[in-house]
Amino acid sequence: MGTNARSDPGLMKDKVALVTGGARGNGFAIAKGMAEAGATLFIGDIAANISEIPYPLSGPDTLAQAEAALRRIHPRVYSIVFDVRDSNAVHRAVSWVEEETGGVDILVNNAGVIALNPLGSVSEAEWRVQLDVIVTGAFHCCRRVLPGMTAKGWGRIVNVASVAGHRGIGTGVAYTAAKHALIGLTRALAMEVAGQGITVNAVCPGTVATDLVRGLGAAMDLSPGEALRHFSARHPGGDPLAPEDVAAAALWLASDAARRVNGTSLFVDDGWHAH
């Protein structure tokens with residue numbers, strides 16, 4: 001495959017991919033890479049704000065712009081508005097994919113949110129929304145696509161976790177708990193499907209230069225540049241990742257080149273986790 005999965009336009013030409021949280025940031029970069037590799041692509045997004053989250057999420061216009069941009073790369077790109085926290089909404093979304101294409105070959109659970117507060121200031125609603133989006137959302141999506149993957153004897157599930165899935169992030173107790181749980185889901189499901197042509201892995205980025213990080217910084221009265229410097233302080237060199245760095249790792253895990261990689265966490269963090 002080489003070092004850049006996106007260099008081969010036929011790499012995923014027979015595959016159908018569903019990327020949640022695909023309107024911007026890491027999700028959009030992953031979707032772009034898969035479109036470049038030839039996959040039929042469905043990008044899902046809530047396309048609405050969540051009251052407990054202190055920064056704006058993608059709206060309908062952002063999702064529409066993402067779909068249009070990706071269609072300039074590949075004609076078979078479709079957007080779906082759904083909330084991963086709602087199992088019925090997930091069922092309807094995947095059912096539509098199945099009706100249009102036969103089913104999901106590659107699932108990327110990228111949808112995520114973050115709010116940073118000391119434990120004593122974390123409301124139950126703030127705790128719940130991070131667990132629900134990051135962990136329960138991935139559970140809903142995995143559970144819905146897995147029967148189709150099992151029937152085909154091939155599938156790839158890539159969960160976008162975080163260094164916070166393996167290390168504690170100060171004042172991020174809910175986010176850290178959610179990402180740790182996502183790693184647990186990854187490992188357990190990987191063992192469940194081992195030997196069936198299906199793999200389940202996690203990408204664990206450090207700080208990425210995304211609207212999420214900038215928005216979280218704005219909620220802390222930090223400028224975009226200050227936010228990136230603040231959240232990248234633990235990176236060797238202090239520079240944030242680009243979304244394309246995360247995308248390259250996700251594409252590799254979704255490819256046949258990684259067919260014997262299962263249940264792992266692929267860190268994309270300049271070595272932060274090794275400190």
# chains A, B, ... in the order shown; residues from 1 in each chain; ligands from 1

$ residues_around --residues "stretch 220-228 of chain A" --least-positions-apart "4" --cutoff "12 Å" --atoms "only C-alpha atoms" --output "number ranges by chain"
A: 54-55, 115-117, 206-216, 232-235, 238-242

$ select_by_dssp --residues "stretch 95-191 of chain A" --states "helix (DSSP H, G or I)" --output "number ranges by chain"
A: 95-101, 119-121, 124-152, 163-165, 173-191

$ residues_around --residues "stretch 249-265 of chain A" --least-positions-apart "6" --cutoff "8 Å" --atoms "only C-alpha atoms" --output "ChimeraX atom specification"
/A:1,5-6,11-12,30,33-34,106,156-158,183,186-191,194,197,199-204

$ residues_around --residues "A:Gln65" --least-positions-apart "4" --cutoff "12 Å" --atoms "only C-alpha atoms" --output "PyMOL selection string"
chain A and resi 22-24+28+43+47+58-61+69-72+77-79

$ write_last_selection --atoms "C-alpha atoms" --output "CSV table (one decimal), in the first residue's frame"
chain,number,residue,atom,x,y,z
A,22,GLY,CA,-17.9,13.3,9.0
A,23,ALA,CA,-18.8,17.0,8.3
A,24,ARG,CA,-15.5,18.4,9.5
A,28,PHE,CA,-14.0,14.9,7.0
A,43,ILE,CA,-20.9,10.8,5.9
A,47,ALA,CA,-25.7,18.6,12.0
A,58,SER,CA,-21.5,21.2,12.6
A,59,GLY,CA,-24.7,22.5,11.1
A,60,PRO,CA,-26.6,21.5,8.0
A,61,ASP,CA,-24.7,23.9,5.8
A,69,ALA,CA,-16.5,18.9,-1.6
A,70,LEU,CA,-16.2,15.1,-1.5
A,71,ARG,CA,-18.4,14.7,-4.6
A,72,ARG,CA,-15.8,16.6,-6.5
A,77,VAL,CA,-20.8,10.4,-1.7
A,78,TYR,CA,-23.9,10.9,0.3
A,79,SER,CA,-24.6,12.7,3.6

$ closest_residue --among "A:His180, A:Arg167, A:Arg229, A:Lys15" --to "A:Thr101" --atoms "only C-alpha atoms"
A:Lys15

$ closest_residue --among "A:Ala218, A:Ile50, A:Cys141, A:Ala29" --to "A:Glu244" --atoms "only C-alpha atoms"
A:Ala29

$ atom_distance --atom1 "atom CA of A:Asp45" --atom2 "atom CA of A:Asp83"
6.9 Å

$ select_by_dssp --residues "stretch 129-198 of chain A" --states "strand (DSSP E)" --output "PyMOL selection string"
chain A and resi 155-160+198

$ decode --residues "stretch 63-108 of chain A" --atoms "N, CA and C atoms" --output "mmCIF file, in the first residue's frame"
data_model
loop_
_atom_site.group_PDB
_atom_site.id
_atom_site.type_symbol
_atom_site.label_atom_id
_atom_site.label_comp_id
_atom_site.auth_asym_id
_atom_site.auth_seq_id
_atom_site.Cartn_x
_atom_site.Cartn_y
_atom_site.Cartn_z
ATOM 1 N N LEU A 63 -22.422 20.243 6.711
ATOM 2 C CA LEU A 63 -22.555 18.897 6.164
ATOM 3 C C LEU A 63 -22.766 18.942 4.656
ATOM 4 N N ALA A 64 -23.599 19.850 4.194
ATOM 5 C CA ALA A 64 -23.844 19.980 2.755
ATOM 6 C C ALA A 64 -22.565 20.376 2.018
ATOM 7 N N GLN A 65 -21.790 21.269 2.610
ATOM 8 C CA GLN A 65 -20.530 21.687 1.986
ATOM 9 C C GLN A 65 -19.535 20.536 1.943
ATOM 10 N N ALA A 66 -19.525 19.720 3.003
ATOM 11 C CA ALA A 66 -18.634 18.560 3.027
ATOM 12 C C ALA A 66 -19.012 17.572 1.928
ATOM 13 N N GLU A 67 -20.309 17.314 1.792
ATOM 14 C CA GLU A 67 -20.764 16.395 0.753
ATOM 15 C C GLU A 67 -20.373 16.913 -0.632
ATOM 16 N N ALA A 68 -20.574 18.199 -0.875
ATOM 17 C CA ALA A 68 -20.252 18.784 -2.176
ATOM 18 C C ALA A 68 -18.753 18.689 -2.462
ATOM 19 N N ALA A 69 -17.945 18.968 -1.451
ATOM 20 C CA ALA A 69 -16.494 18.896 -1.645
ATOM 21 C C ALA A 69 -16.048 17.475 -1.955
ATOM 22 N N LEU A 70 -16.620 16.514 -1.267
ATOM 23 C CA LEU A 70 -16.230 15.124 -1.485
ATOM 24 C C LEU A 70 -16.736 14.590 -2.818
ATOM 25 N N ARG A 71 -17.862 15.100 -3.269
ATOM 26 C CA ARG A 71 -18.379 14.667 -4.575
ATOM 27 C C ARG A 71 -17.517 15.166 -5.729
ATOM 28 N N ARG A 72 -16.737 16.170 -5.491
ATOM 29 C CA ARG A 72 -15.795 16.608 -6.515
ATOM 30 C C ARG A 72 -14.640 15.618 -6.653
ATOM 31 N N ILE A 73 -14.479 14.783 -5.647
ATOM 32 C CA ILE A 73 -13.444 13.753 -5.660
ATOM 33 C C ILE A 73 -14.006 12.435 -6.175
ATOM 34 N N HIS A 74 -15.217 12.107 -5.710
ATOM 35 C CA HIS A 74 -15.838 10.823 -6.031
ATOM 36 C C HIS A 74 -17.341 11.039 -6.149
ATOM 37 N N PRO A 75 -17.977 10.524 -7.186
ATOM 38 C CA PRO A 75 -19.405 10.817 -7.382
ATOM 39 C C PRO A 75 -20.333 10.131 -6.392
ATOM 40 N N ARG A 76 -19.884 9.048 -5.790
ATOM 41 C CA ARG A 76 -20.768 8.292 -4.900
ATOM 42 C C ARG A 76 -20.494 8.673 -3.441
ATOM 43 N N VAL A 77 -20.896 9.891 -3.107
ATOM 44 C CA VAL A 77 -20.772 10.406 -1.744
ATOM 45 C C VAL A 77 -22.138 10.919 -1.323
ATOM 46 N N TYR A 78 -22.571 10.522 -0.130
ATOM 47 C CA TYR A 78 -23.909 10.874 0.350
ATOM 48 C C TYR A 78 -23.822 11.274 1.821
ATOM 49 N N SER A 79 -24.587 12.269 2.205
ATOM 50 C CA SER A 79 -24.634 12.682 3.607
ATOM 51 C C SER A 79 -25.925 12.176 4.245
ATOM 52 N N ILE A 80 -25.836 11.882 5.535
ATOM 53 C CA ILE A 80 -26.987 11.422 6.310
ATOM 54 C C ILE A 80 -27.000 12.178 7.633
ATOM 55 N N VAL A 81 -28.108 12.804 7.957
ATOM 56 C CA VAL A 81 -28.246 13.465 9.249
ATOM 57 C C VAL A 81 -28.830 12.465 10.245
ATOM 58 N N PHE A 82 -28.048 12.130 11.254
ATOM 59 C CA PHE A 82 -28.577 11.281 12.329
ATOM 60 C C PHE A 82 -27.715 11.445 13.574
ATOM 61 N N ASP A 83 -28.326 11.153 14.713
ATOM 62 C CA ASP A 83 -27.689 11.269 16.022
ATOM 63 C C ASP A 83 -27.295 9.866 16.478
ATOM 64 N N VAL A 84 -26.001 9.629 16.658
ATOM 65 C CA VAL A 84 -25.543 8.289 17.024
ATOM 66 C C VAL A 84 -26.058 7.844 18.391
ATOM 67 N N ARG A 85 -26.522 8.783 19.195
ATOM 68 C CA ARG A 85 -27.066 8.408 20.506
ATOM 69 C C ARG A 85 -28.416 7.724 20.399
ATOM 70 N N ASP A 86 -29.066 7.837 19.255
ATOM 71 C CA ASP A 86 -30.420 7.326 19.033
ATOM 72 C C ASP A 86 -30.327 6.032 18.232
ATOM 73 N N SER A 87 -30.583 4.897 18.870
ATOM 74 C CA SER A 87 -30.436 3.610 18.189
ATOM 75 C C SER A 87 -31.395 3.486 17.010
ATOM 76 N N ASN A 88 -32.573 4.075 17.110
ATOM 77 C CA ASN A 88 -33.524 4.017 16.000
ATOM 78 C C ASN A 88 -33.017 4.828 14.809
ATOM 79 N N ALA A 89 -32.406 5.977 15.085
ATOM 80 C CA ALA A 89 -31.853 6.791 14.015
ATOM 81 C C ALA A 89 -30.690 6.071 13.332
ATOM 82 N N VAL A 90 -29.857 5.404 14.114
ATOM 83 C CA VAL A 90 -28.753 4.622 13.552
ATOM 84 C C VAL A 90 -29.302 3.498 12.682
ATOM 85 N N HIS A 91 -30.336 2.828 13.174
ATOM 86 C CA HIS A 91 -30.944 1.741 12.399
ATOM 87 C C HIS A 91 -31.459 2.243 11.051
ATOM 88 N N ARG A 92 -32.130 3.377 11.071
ATOM 89 C CA ARG A 92 -32.672 3.922 9.814
ATOM 90 C C ARG A 92 -31.555 4.311 8.857
ATOM 91 N N ALA A 93 -30.500 4.916 9.389
ATOM 92 C CA ALA A 93 -29.398 5.349 8.534
ATOM 93 C C ALA A 93 -28.713 4.164 7.873
ATOM 94 N N VAL A 94 -28.413 3.142 8.653
ATOM 95 C CA VAL A 94 -27.733 1.974 8.089
ATOM 96 C C VAL A 94 -28.651 1.205 7.150
ATOM 97 N N SER A 95 -29.938 1.174 7.466
ATOM 98 C CA SER A 95 -30.891 0.519 6.561
ATOM 99 C C SER A 95 -30.888 1.189 5.194
ATOM 100 N N TRP A 96 -30.800 2.521 5.184
ATOM 101 C CA TRP A 96 -30.751 3.235 3.907
ATOM 102 C C TRP A 96 -29.481 2.886 3.132
ATOM 103 N N VAL A 97 -28.351 2.820 3.848
ATOM 104 C CA VAL A 97 -27.103 2.422 3.199
ATOM 105 C C VAL A 97 -27.249 1.023 2.598
ATOM 106 N N GLU A 98 -27.856 0.122 3.348
ATOM 107 C CA GLU A 98 -28.041 -1.244 2.856
ATOM 108 C C GLU A 98 -28.931 -1.287 1.622
ATOM 109 N N GLU A 99 -29.982 -0.490 1.637
ATOM 110 C CA GLU A 99 -30.890 -0.453 0.483
ATOM 111 C C GLU A 99 -30.187 0.088 -0.761
ATOM 112 N N GLU A 100 -29.304 1.054 -0.563
ATOM 113 C CA GLU A 100 -28.631 1.697 -1.694
ATOM 114 C C GLU A 100 -27.439 0.905 -2.206
ATOM 115 N N THR A 101 -26.755 0.205 -1.312
ATOM 116 C CA THR A 101 -25.464 -0.378 -1.689
ATOM 117 C C THR A 101 -25.288 -1.844 -1.312
ATOM 118 N N GLY A 102 -26.115 -2.359 -0.437
ATOM 119 C CA GLY A 102 -25.925 -3.721 0.033
ATOM 120 C C GLY A 102 -25.357 -3.812 1.435
ATOM 121 N N GLY A 103 -24.774 -2.736 1.939
ATOM 122 C CA GLY A 103 -24.315 -2.763 3.320
ATOM 123 C C GLY A 103 -23.005 -2.037 3.540
ATOM 124 N N VAL A 104 -22.661 -1.861 4.803
ATOM 125 C CA VAL A 104 -21.450 -1.140 5.217
ATOM 126 C C VAL A 104 -20.288 -2.121 5.320
ATOM 127 N N ASP A 105 -19.224 -1.835 4.580
ATOM 128 C CA ASP A 105 -17.997 -2.629 4.690
ATOM 129 C C ASP A 105 -17.045 -2.036 5.715
ATOM 130 N N ILE A 106 -16.998 -0.705 5.781
ATOM 131 C CA ILE A 106 -16.065 0.004 6.658
ATOM 132 C C ILE A 106 -16.858 0.993 7.503
ATOM 133 N N LEU A 107 -16.777 0.851 8.803
ATOM 134 C CA LEU A 107 -17.415 1.786 9.728
ATOM 135 C C LEU A 107 -16.330 2.546 10.474
ATOM 136 N N VAL A 108 -16.400 3.860 10.430
ATOM 137 C CA VAL A 108 -15.492 4.701 11.212
ATOM 138 C C VAL A 108 -16.328 5.449 12.245
#
